[in-house]
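**Student:** So here's input_8.txt (compact mmCIF, N, CA and C atoms).
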# COMPACT_ATOMS: atom_id res chain seq x y z
N MET A 508 -57.20 55.83 -8.82
CA MET A 508 -56.85 54.83 -7.84
C MET A 508 -56.47 53.54 -8.57
N ARG A 509 -55.40 52.92 -8.09
CA ARG A 509 -54.93 51.67 -8.69
C ARG A 509 -55.83 50.53 -8.29
N HIS A 510 -55.98 49.63 -9.18
CA HIS A 510 -56.75 48.42 -8.90
C HIS A 510 -55.93 47.56 -7.94
N PRO A 511 -56.54 46.95 -6.92
CA PRO A 511 -55.80 46.12 -5.96
C PRO A 511 -54.99 45.02 -6.62
N ASN A 512 -55.49 44.44 -7.69
CA ASN A 512 -54.75 43.37 -8.37
C ASN A 512 -53.47 43.90 -9.01
N ALA A 513 -53.50 45.16 -9.46
CA ALA A 513 -52.30 45.76 -10.04
C ALA A 513 -51.23 45.92 -8.98
N THR A 514 -51.62 46.30 -7.77
CA THR A 514 -50.66 46.45 -6.67
C THR A 514 -50.06 45.09 -6.31
N ILE A 515 -50.90 44.09 -6.25
CA ILE A 515 -50.41 42.74 -5.94
C ILE A 515 -49.46 42.26 -7.04
N ALA A 516 -49.82 42.47 -8.28
CA ALA A 516 -48.98 42.04 -9.40
C ALA A 516 -47.64 42.73 -9.37
N THR A 517 -47.64 44.03 -9.05
CA THR A 517 -46.38 44.77 -8.97
C THR A 517 -45.51 44.22 -7.85
N GLY A 518 -46.13 43.94 -6.71
CA GLY A 518 -45.39 43.37 -5.58
C GLY A 518 -44.83 42.00 -5.90
N MET A 519 -45.61 41.18 -6.57
CA MET A 519 -45.14 39.84 -6.94
C MET A 519 -43.98 39.92 -7.93
N ALA A 520 -44.06 40.85 -8.86
CA ALA A 520 -42.98 41.02 -9.84
C ALA A 520 -41.69 41.45 -9.14
N ALA A 521 -41.81 42.37 -8.20
CA ALA A 521 -40.64 42.83 -7.45
C ALA A 521 -40.04 41.69 -6.64
N LEU A 522 -40.88 40.88 -6.02
CA LEU A 522 -40.40 39.73 -5.25
C LEU A 522 -39.67 38.74 -6.15
N ALA A 523 -40.24 38.45 -7.30
CA ALA A 523 -39.61 37.52 -8.24
C ALA A 523 -38.25 38.03 -8.69
N LEU A 524 -38.15 39.31 -8.96
CA LEU A 524 -36.86 39.89 -9.36
C LEU A 524 -35.84 39.80 -8.24
N SER A 525 -36.26 40.10 -7.01
CA SER A 525 -35.31 40.05 -5.90
C SER A 525 -34.87 38.62 -5.63
N LEU A 526 -35.78 37.66 -5.73
CA LEU A 526 -35.39 36.26 -5.53
C LEU A 526 -34.47 35.79 -6.64
N GLY A 527 -34.73 36.22 -7.86
CA GLY A 527 -33.84 35.88 -8.97
C GLY A 527 -32.46 36.46 -8.75
N GLY A 528 -32.41 37.68 -8.25
CA GLY A 528 -31.13 38.31 -7.94
C GLY A 528 -30.39 37.58 -6.84
N ALA A 529 -31.14 37.11 -5.84
CA ALA A 529 -30.52 36.35 -4.75
C ALA A 529 -29.95 35.05 -5.27
N SER A 530 -30.66 34.38 -6.17
CA SER A 530 -30.16 33.14 -6.75
C SER A 530 -28.89 33.38 -7.55
N MET A 531 -28.87 34.47 -8.30
CA MET A 531 -27.68 34.79 -9.09
C MET A 531 -26.51 35.12 -8.17
N ALA A 532 -26.78 35.84 -7.07
CA ALA A 532 -25.71 36.18 -6.13
C ALA A 532 -25.15 34.91 -5.49
N LEU A 533 -26.02 33.97 -5.13
CA LEU A 533 -25.56 32.71 -4.54
C LEU A 533 -24.73 31.93 -5.55
N ALA A 534 -25.16 31.90 -6.80
CA ALA A 534 -24.40 31.20 -7.84
C ALA A 534 -23.02 31.84 -8.02
N ASP A 535 -22.96 33.16 -7.96
CA ASP A 535 -21.66 33.84 -8.05
C ASP A 535 -20.79 33.50 -6.85
N ASP A 536 -21.37 33.48 -5.64
CA ASP A 536 -20.62 33.11 -4.45
C ASP A 536 -20.07 31.70 -4.57
N ILE A 537 -20.89 30.79 -5.05
CA ILE A 537 -20.45 29.39 -5.19
C ILE A 537 -19.30 29.30 -6.19
N ARG A 538 -19.40 30.02 -7.30
CA ARG A 538 -18.33 30.00 -8.32
C ARG A 538 -17.04 30.57 -7.73
N VAL A 539 -17.13 31.71 -7.05
CA VAL A 539 -15.95 32.32 -6.43
C VAL A 539 -15.38 31.40 -5.36
N GLY A 540 -16.26 30.82 -4.55
CA GLY A 540 -15.82 29.90 -3.50
C GLY A 540 -15.11 28.69 -4.05
N GLN A 541 -15.60 28.17 -5.17
CA GLN A 541 -14.96 27.02 -5.80
C GLN A 541 -13.56 27.40 -6.27
N GLU A 542 -13.41 28.57 -6.85
CA GLU A 542 -12.09 29.02 -7.30
C GLU A 542 -11.13 29.19 -6.12
N LEU A 543 -11.59 29.84 -5.06
CA LEU A 543 -10.74 30.03 -3.88
C LEU A 543 -10.37 28.67 -3.27
N HIS A 544 -11.33 27.78 -3.21
CA HIS A 544 -11.08 26.44 -2.66
C HIS A 544 -10.04 25.70 -3.50
N SER A 545 -10.19 25.75 -4.81
CA SER A 545 -9.24 25.07 -5.71
C SER A 545 -7.83 25.63 -5.56
N GLU A 546 -7.73 26.93 -5.44
CA GLU A 546 -6.43 27.59 -5.37
C GLU A 546 -5.75 27.44 -4.02
N ASN A 547 -6.52 27.26 -2.94
CA ASN A 547 -5.93 27.36 -1.60
C ASN A 547 -6.12 26.14 -0.71
N CYS A 548 -7.09 25.30 -0.98
CA CYS A 548 -7.45 24.26 -0.02
C CYS A 548 -7.11 22.84 -0.46
N ILE A 549 -7.25 22.57 -1.74
CA ILE A 549 -7.16 21.19 -2.22
C ILE A 549 -5.82 20.54 -1.89
N SER A 550 -4.72 21.24 -2.08
CA SER A 550 -3.41 20.61 -1.85
C SER A 550 -3.25 20.18 -0.39
N CYS A 551 -3.68 21.00 0.54
CA CYS A 551 -3.58 20.65 1.96
C CYS A 551 -4.49 19.47 2.28
N HIS A 552 -5.72 19.51 1.78
CA HIS A 552 -6.67 18.43 2.06
C HIS A 552 -6.22 17.13 1.41
N ALA A 553 -5.64 17.20 0.23
CA ALA A 553 -5.12 15.99 -0.43
C ALA A 553 -3.98 15.40 0.39
N ASP A 554 -3.12 16.25 0.96
CA ASP A 554 -2.05 15.76 1.83
C ASP A 554 -2.61 15.07 3.06
N MET A 555 -3.75 15.55 3.55
CA MET A 555 -4.35 15.00 4.77
C MET A 555 -5.04 13.65 4.53
N VAL A 556 -5.80 13.55 3.42
CA VAL A 556 -6.63 12.36 3.22
C VAL A 556 -6.36 11.64 1.91
N GLY A 557 -5.50 12.20 1.07
CA GLY A 557 -5.20 11.58 -0.20
C GLY A 557 -6.19 11.97 -1.28
N GLY A 558 -5.95 11.46 -2.47
CA GLY A 558 -6.82 11.73 -3.61
C GLY A 558 -6.93 13.21 -3.89
N ASP A 559 -8.14 13.66 -4.15
CA ASP A 559 -8.36 15.08 -4.43
C ASP A 559 -8.73 15.86 -3.17
N GLY A 560 -8.70 15.21 -2.02
CA GLY A 560 -8.98 15.87 -0.75
C GLY A 560 -10.45 15.94 -0.38
N SER A 561 -11.34 15.55 -1.28
CA SER A 561 -12.77 15.68 -1.00
C SER A 561 -13.26 14.70 0.06
N GLU A 562 -12.48 13.65 0.33
CA GLU A 562 -12.88 12.70 1.37
C GLU A 562 -12.99 13.39 2.73
N LEU A 563 -12.27 14.49 2.89
CA LEU A 563 -12.36 15.26 4.13
C LEU A 563 -13.80 15.67 4.40
N TYR A 564 -14.56 15.94 3.36
CA TYR A 564 -15.93 16.40 3.49
C TYR A 564 -16.95 15.26 3.51
N THR A 565 -16.58 14.11 2.98
CA THR A 565 -17.55 13.04 2.80
C THR A 565 -17.35 11.86 3.76
N ARG A 566 -16.30 11.87 4.53
CA ARG A 566 -16.02 10.74 5.43
C ARG A 566 -17.09 10.64 6.52
N ASP A 567 -17.26 9.47 7.05
CA ASP A 567 -18.29 9.23 8.08
C ASP A 567 -18.02 10.03 9.35
N ASN A 568 -16.78 10.20 9.72
CA ASN A 568 -16.46 10.89 10.97
C ASN A 568 -16.03 12.35 10.74
N ARG A 569 -16.64 12.98 9.75
CA ARG A 569 -16.27 14.38 9.48
C ARG A 569 -16.59 15.24 10.69
N MET A 570 -15.79 16.28 10.85
CA MET A 570 -15.87 17.13 12.04
C MET A 570 -16.96 18.19 11.93
N VAL A 571 -17.37 18.53 10.74
CA VAL A 571 -18.34 19.59 10.53
C VAL A 571 -19.74 19.00 10.49
N GLY A 572 -20.61 19.45 11.41
CA GLY A 572 -21.95 18.90 11.49
C GLY A 572 -23.07 19.92 11.36
N SER A 573 -22.71 21.19 11.14
CA SER A 573 -23.73 22.23 10.99
C SER A 573 -23.16 23.38 10.16
N HIS A 574 -24.04 24.26 9.72
CA HIS A 574 -23.59 25.42 8.95
C HIS A 574 -22.64 26.29 9.78
N ASP A 575 -22.97 26.51 11.05
CA ASP A 575 -22.10 27.32 11.91
C ASP A 575 -20.73 26.68 12.07
N GLU A 576 -20.68 25.35 12.19
CA GLU A 576 -19.40 24.66 12.29
C GLU A 576 -18.61 24.76 10.98
N LEU A 577 -19.31 24.77 9.86
CA LEU A 577 -18.65 24.93 8.57
C LEU A 577 -18.00 26.31 8.48
N VAL A 578 -18.73 27.33 8.88
CA VAL A 578 -18.19 28.69 8.88
C VAL A 578 -16.96 28.75 9.79
N ALA A 579 -17.06 28.16 10.97
CA ALA A 579 -15.93 28.17 11.91
C ALA A 579 -14.73 27.44 11.34
N GLN A 580 -14.95 26.31 10.67
CA GLN A 580 -13.83 25.54 10.10
C GLN A 580 -13.16 26.29 8.96
N VAL A 581 -13.95 26.92 8.09
CA VAL A 581 -13.34 27.70 7.00
C VAL A 581 -12.56 28.87 7.58
N ASN A 582 -13.08 29.52 8.62
CA ASN A 582 -12.33 30.60 9.27
C ASN A 582 -11.05 30.08 9.91
N ASN A 583 -11.11 28.89 10.49
CA ASN A 583 -9.93 28.27 11.09
C ASN A 583 -8.86 28.00 10.03
N CYS A 584 -9.27 27.42 8.91
CA CYS A 584 -8.32 27.17 7.82
C CYS A 584 -7.76 28.49 7.27
N ASN A 585 -8.60 29.48 7.14
CA ASN A 585 -8.17 30.79 6.66
C ASN A 585 -7.07 31.34 7.56
N ALA A 586 -7.26 31.25 8.86
CA ALA A 586 -6.26 31.75 9.81
C ALA A 586 -4.99 30.90 9.77
N ASN A 587 -5.14 29.57 9.75
CA ASN A 587 -3.98 28.68 9.77
C ASN A 587 -3.13 28.79 8.51
N LEU A 588 -3.77 28.99 7.37
CA LEU A 588 -3.05 29.08 6.11
C LEU A 588 -2.56 30.49 5.82
N GLY A 589 -3.09 31.47 6.55
CA GLY A 589 -2.70 32.85 6.31
C GLY A 589 -3.18 33.39 4.97
N THR A 590 -4.33 32.89 4.51
CA THR A 590 -4.83 33.36 3.22
C THR A 590 -5.37 34.78 3.31
N ASN A 591 -5.71 35.22 4.51
CA ASN A 591 -6.20 36.59 4.73
C ASN A 591 -7.43 36.91 3.90
N TRP A 592 -8.33 35.94 3.80
CA TRP A 592 -9.57 36.18 3.07
C TRP A 592 -10.43 37.18 3.83
N PHE A 593 -11.16 37.97 3.08
CA PHE A 593 -12.17 38.85 3.66
C PHE A 593 -13.41 38.02 3.95
N ASP A 594 -14.34 38.58 4.73
CA ASP A 594 -15.55 37.86 5.10
C ASP A 594 -16.33 37.37 3.88
N ASP A 595 -16.39 38.18 2.82
CA ASP A 595 -17.14 37.75 1.64
C ASP A 595 -16.48 36.55 0.96
N GLU A 596 -15.16 36.46 1.05
CA GLU A 596 -14.46 35.31 0.47
C GLU A 596 -14.68 34.06 1.32
N VAL A 597 -14.63 34.22 2.64
CA VAL A 597 -14.94 33.09 3.54
C VAL A 597 -16.36 32.61 3.26
N ASN A 598 -17.29 33.54 3.15
CA ASN A 598 -18.69 33.19 2.89
C ASN A 598 -18.84 32.50 1.54
N ALA A 599 -18.06 32.88 0.56
CA ALA A 599 -18.11 32.25 -0.76
C ALA A 599 -17.63 30.80 -0.68
N VAL A 600 -16.55 30.56 0.05
CA VAL A 600 -16.05 29.19 0.22
C VAL A 600 -17.07 28.35 0.99
N VAL A 601 -17.66 28.93 2.02
CA VAL A 601 -18.71 28.24 2.77
C VAL A 601 -19.88 27.90 1.84
N ALA A 602 -20.29 28.85 1.01
CA ALA A 602 -21.40 28.60 0.07
C ALA A 602 -21.05 27.47 -0.88
N TYR A 603 -19.83 27.46 -1.39
CA TYR A 603 -19.41 26.38 -2.30
C TYR A 603 -19.42 25.02 -1.58
N LEU A 604 -18.78 24.95 -0.42
CA LEU A 604 -18.71 23.67 0.29
C LEU A 604 -20.10 23.19 0.70
N ASN A 605 -20.93 24.12 1.13
CA ASN A 605 -22.28 23.73 1.52
C ASN A 605 -23.08 23.22 0.33
N ALA A 606 -22.96 23.88 -0.80
CA ALA A 606 -23.68 23.44 -1.99
C ALA A 606 -23.15 22.11 -2.52
N GLU A 607 -21.85 21.93 -2.47
CA GLU A 607 -21.22 20.75 -3.07
C GLU A 607 -21.27 19.52 -2.16
N TYR A 608 -21.11 19.71 -0.84
CA TYR A 608 -20.93 18.56 0.05
C TYR A 608 -21.93 18.44 1.20
N TYR A 609 -22.34 19.55 1.78
CA TYR A 609 -23.06 19.48 3.06
C TYR A 609 -24.57 19.66 2.97
N GLN A 610 -25.04 20.65 2.27
CA GLN A 610 -26.47 20.99 2.16
C GLN A 610 -27.10 21.29 3.53
N PHE A 611 -26.39 22.05 4.36
CA PHE A 611 -26.95 22.50 5.64
C PHE A 611 -27.94 23.63 5.39
N ASP A 612 -28.96 23.71 6.25
CA ASP A 612 -29.82 24.89 6.27
C ASP A 612 -29.04 26.00 6.95
N GLU A 613 -29.20 27.19 6.45
CA GLU A 613 -28.47 28.32 7.05
C GLU A 613 -29.28 28.95 8.15
Using the file provided, produce a representation of the structure as structure tokens.

**Tutor:**
Amino acid sequence: MRHPNATIATGMAALALSLGGASMALADDIRVGQELHSENCISCHADMVGGDGSELYTRDNRMVGSHDELVAQVNNCNANLGTNWFDDEVNAVVAYLNAEYYQFDE
């Protein structure tokens, strides 16, 4: 019979590995999202607000006020620009924008 502490230790190790994997997956999403954003979004946003376009995210009267609204806005831009991103690509851009500018709880 296994010692109860051994079972707990095994469970804690598995949890730590899964959380580490989740952190790595989020970091990958953010990196991919940043690349997609740079390639597809910056020029349009710069035309709208000038500079590098980031003022769109930081202005006082920004239109996005929640994580769900951020997802909806990225989907709207995806449709309007015809980028034809898959859901994982939309989610990657959302992860990047949320990490860089918004910090919404999901």

**Student:** Would you kindly identify which residues have an atom no farther than 8 Å from (-16.3, 31.7, -3.2), using only C-alpha atoms and the file's own coordinates, and write them out as a list in words?

**Tutor:**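 These residues have at least one counted atom within 8 Å: Asp535, Asp536, Ile537, Arg538, Val539, Gly540, Gln541, Glu542, Leu543, His544, Asp595, Glu596, Val597, Asn598, Ala599, Val600, Val601, Ala602 and Tyr603 of chain A.
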
**Student:** Give me, as a list of chain:residue names, all polymer residues having an atom no more than 9 Å from Tyr608 in chain A, counting only C-alpha atoms and skipping those fewer than 5 positions away in the same chain.

**Tutor:**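 Listing them by chain and then by number gives A:Ser561, A:Tyr564, A:Thr565, A:Tyr603.
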
**Student:** Excluding His574 in chain A and residues on its chain fewer than 2 positions from it, collect all residues at most 6.5 Å away from it, counting all atoms listed in the file, and give them as JSON, numbers by chain.

**Tutor:** {"A": [572, 576, 577, 578, 579, 611, 612, 613]}

**Student:** Report the distance between CA of Leu533 in chain A and CA of Val556 in chain A in Å, rounded to one decimal place.

**Tutor:**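 Separation between CA of Leu533 in chain A and CA of Val556 in chain A: 28.9 Å.
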
**Student:** Tell me, in Å to one decimal, how far CA of Ser573 in chain A is from atom C of Asn591 in chain A.

**Tutor:**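 Result for CA of Ser573 in chain A versus atom C of Asn591 in chain A: 23.1 Å, one decimal.
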
**Student:** Can you work out the spacing between atom C of Met570 in chain A and atom N of Ala532 in chain A in Å, to one decimal?

**Tutor:**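 If I compute the distance from atom C of Met570 in chain A to atom N of Ala532 in chain A, I get 27.7 Å.
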
**Student:** Could you model all heavy atoms for range 543-554 of chain A and present them as a JSON list (two decimals), keeping the file's coordinate frame?

**Tutor:**
[["chain", "number", "residue", "atom", "x", "y", "z"],
["A", 543, "LEU", "N", -11.59, 29.84, -5.06],
["A", 543, "LEU", "CA", -10.74, 30.03, -3.88],
["A", 543, "LEU", "C", -10.37, 28.67, -3.27],
["A", 543, "LEU", "O", -9.21, 28.46, -2.87],
["A", 543, "LEU", "CB", -11.46, 30.89, -2.84],
["A", 543, "LEU", "CG", -11.61, 32.36, -3.18],
["A", 543, "LEU", "CD1", -12.60, 33.04, -2.24],
["A", 543, "LEU", "CD2", -10.26, 33.06, -3.14],
["A", 544, "HIS", "N", -11.33, 27.78, -3.21],
["A", 544, "HIS", "CA", -11.08, 26.44, -2.66],
["A", 544, "HIS", "C", -10.04, 25.70, -3.50],
["A", 544, "HIS", "O", -9.11, 25.10, -2.96],
["A", 544, "HIS", "CB", -12.41, 25.68, -2.61],
["A", 544, "HIS", "CG", -12.30, 24.29, -2.10],
["A", 544, "HIS", "ND1", -12.14, 23.21, -2.93],
["A", 544, "HIS", "CD2", -12.32, 23.80, -0.84],
["A", 544, "HIS", "CE1", -12.07, 22.11, -2.21],
["A", 544, "HIS", "NE2", -12.18, 22.45, -0.93],
["A", 545, "SER", "N", -10.19, 25.75, -4.81],
["A", 545, "SER", "CA", -9.24, 25.07, -5.71],
["A", 545, "SER", "C", -7.83, 25.63, -5.56],
["A", 545, "SER", "O", -6.85, 24.88, -5.54],
["A", 545, "SER", "CB", -9.70, 25.20, -7.16],
["A", 545, "SER", "OG", -10.88, 24.50, -7.36],
["A", 546, "GLU", "N", -7.73, 26.93, -5.44],
["A", 546, "GLU", "CA", -6.43, 27.59, -5.37],
["A", 546, "GLU", "C", -5.75, 27.44, -4.02],
["A", 546, "GLU", "O", -4.52, 27.47, -3.95],
["A", 546, "GLU", "CB", -6.58, 29.08, -5.67],
["A", 546, "GLU", "CG", -7.01, 29.38, -7.09],
["A", 546, "GLU", "CD", -7.45, 30.83, -7.29],
["A", 546, "GLU", "OE1", -7.37, 31.64, -6.34],
["A", 546, "GLU", "OE2", -7.91, 31.14, -8.41],
["A", 547, "ASN", "N", -6.52, 27.26, -2.94],
["A", 547, "ASN", "CA", -5.93, 27.36, -1.60],
["A", 547, "ASN", "C", -6.12, 26.14, -0.71],
["A", 547, "ASN", "O", -5.37, 26.00, 0.25],
["A", 547, "ASN", "CB", -6.54, 28.57, -0.87],
["A", 547, "ASN", "CG", -6.23, 29.86, -1.56],
["A", 547, "ASN", "OD1", -5.14, 30.40, -1.44],
["A", 547, "ASN", "ND2", -7.18, 30.38, -2.33],
["A", 548, "CYS", "N", -7.09, 25.30, -0.98],
["A", 548, "CYS", "CA", -7.45, 24.26, -0.02],
["A", 548, "CYS", "C", -7.11, 22.84, -0.46],
["A", 548, "CYS", "O", -6.77, 22.00, 0.37],
["A", 548, "CYS", "CB", -8.95, 24.33, 0.29],
["A", 548, "CYS", "SG", -9.52, 25.95, 0.80],
["A", 549, "ILE", "N", -7.25, 22.57, -1.74],
["A", 549, "ILE", "CA", -7.16, 21.19, -2.22],
["A", 549, "ILE", "C", -5.82, 20.54, -1.89],
["A", 549, "ILE", "O", -5.77, 19.39, -1.44],
["A", 549, "ILE", "CB", -7.46, 21.12, -3.73],
["A", 549, "ILE", "CG1", -8.95, 21.38, -3.95],
["A", 549, "ILE", "CG2", -7.06, 19.77, -4.31],
["A", 549, "ILE", "CD1", -9.37, 21.40, -5.39],
["A", 550, "SER", "N", -4.72, 21.24, -2.08],
["A", 550, "SER", "CA", -3.41, 20.61, -1.85],
["A", 550, "SER", "C", -3.25, 20.18, -0.39],
["A", 550, "SER", "O", -2.76, 19.08, -0.12],
["A", 550, "SER", "CB", -2.27, 21.53, -2.29],
["A", 550, "SER", "OG", -2.27, 22.71, -1.53],
["A", 551, "CYS", "N", -3.68, 21.00, 0.54],
["A", 551, "CYS", "CA", -3.58, 20.65, 1.96],
["A", 551, "CYS", "C", -4.49, 19.47, 2.28],
["A", 551, "CYS", "O", -4.09, 18.52, 2.95],
["A", 551, "CYS", "CB", -3.94, 21.86, 2.82],
["A", 551, "CYS", "SG", -3.83, 21.55, 4.60],
["A", 552, "HIS", "N", -5.72, 19.51, 1.78],
["A", 552, "HIS", "CA", -6.67, 18.43, 2.06],
["A", 552, "HIS", "C", -6.22, 17.13, 1.41],
["A", 552, "HIS", "O", -6.39, 16.06, 2.00],
["A", 552, "HIS", "CB", -8.07, 18.82, 1.58],
["A", 552, "HIS", "CG", -8.65, 19.94, 2.37],
["A", 552, "HIS", "ND1", -9.89, 20.47, 2.09],
["A", 552, "HIS", "CD2", -8.18, 20.66, 3.42],
["A", 552, "HIS", "CE1", -10.14, 21.44, 2.94],
["A", 552, "HIS", "NE2", -9.13, 21.58, 3.75],
["A", 553, "ALA", "N", -5.64, 17.20, 0.23],
["A", 553, "ALA", "CA", -5.12, 15.99, -0.43],
["A", 553, "ALA", "C", -3.98, 15.40, 0.39],
["A", 553, "ALA", "O", -3.87, 14.17, 0.51],
["A", 553, "ALA", "CB", -4.68, 16.31, -1.84],
["A", 554, "ASP", "N", -3.12, 16.25, 0.96],
["A", 554, "ASP", "CA", -2.05, 15.76, 1.83],
["A", 554, "ASP", "C", -2.61, 15.07, 3.06],
["A", 554, "ASP", "O", -2.04, 14.11, 3.56],
["A", 554, "ASP", "CB", -1.14, 16.91, 2.27],
["A", 554, "ASP", "CG", -0.25, 17.44, 1.15],
["A", 554, "ASP", "OD1", -0.13, 16.76, 0.11],
["A", 554, "ASP", "OD2", 0.31, 18.53, 1.33]]
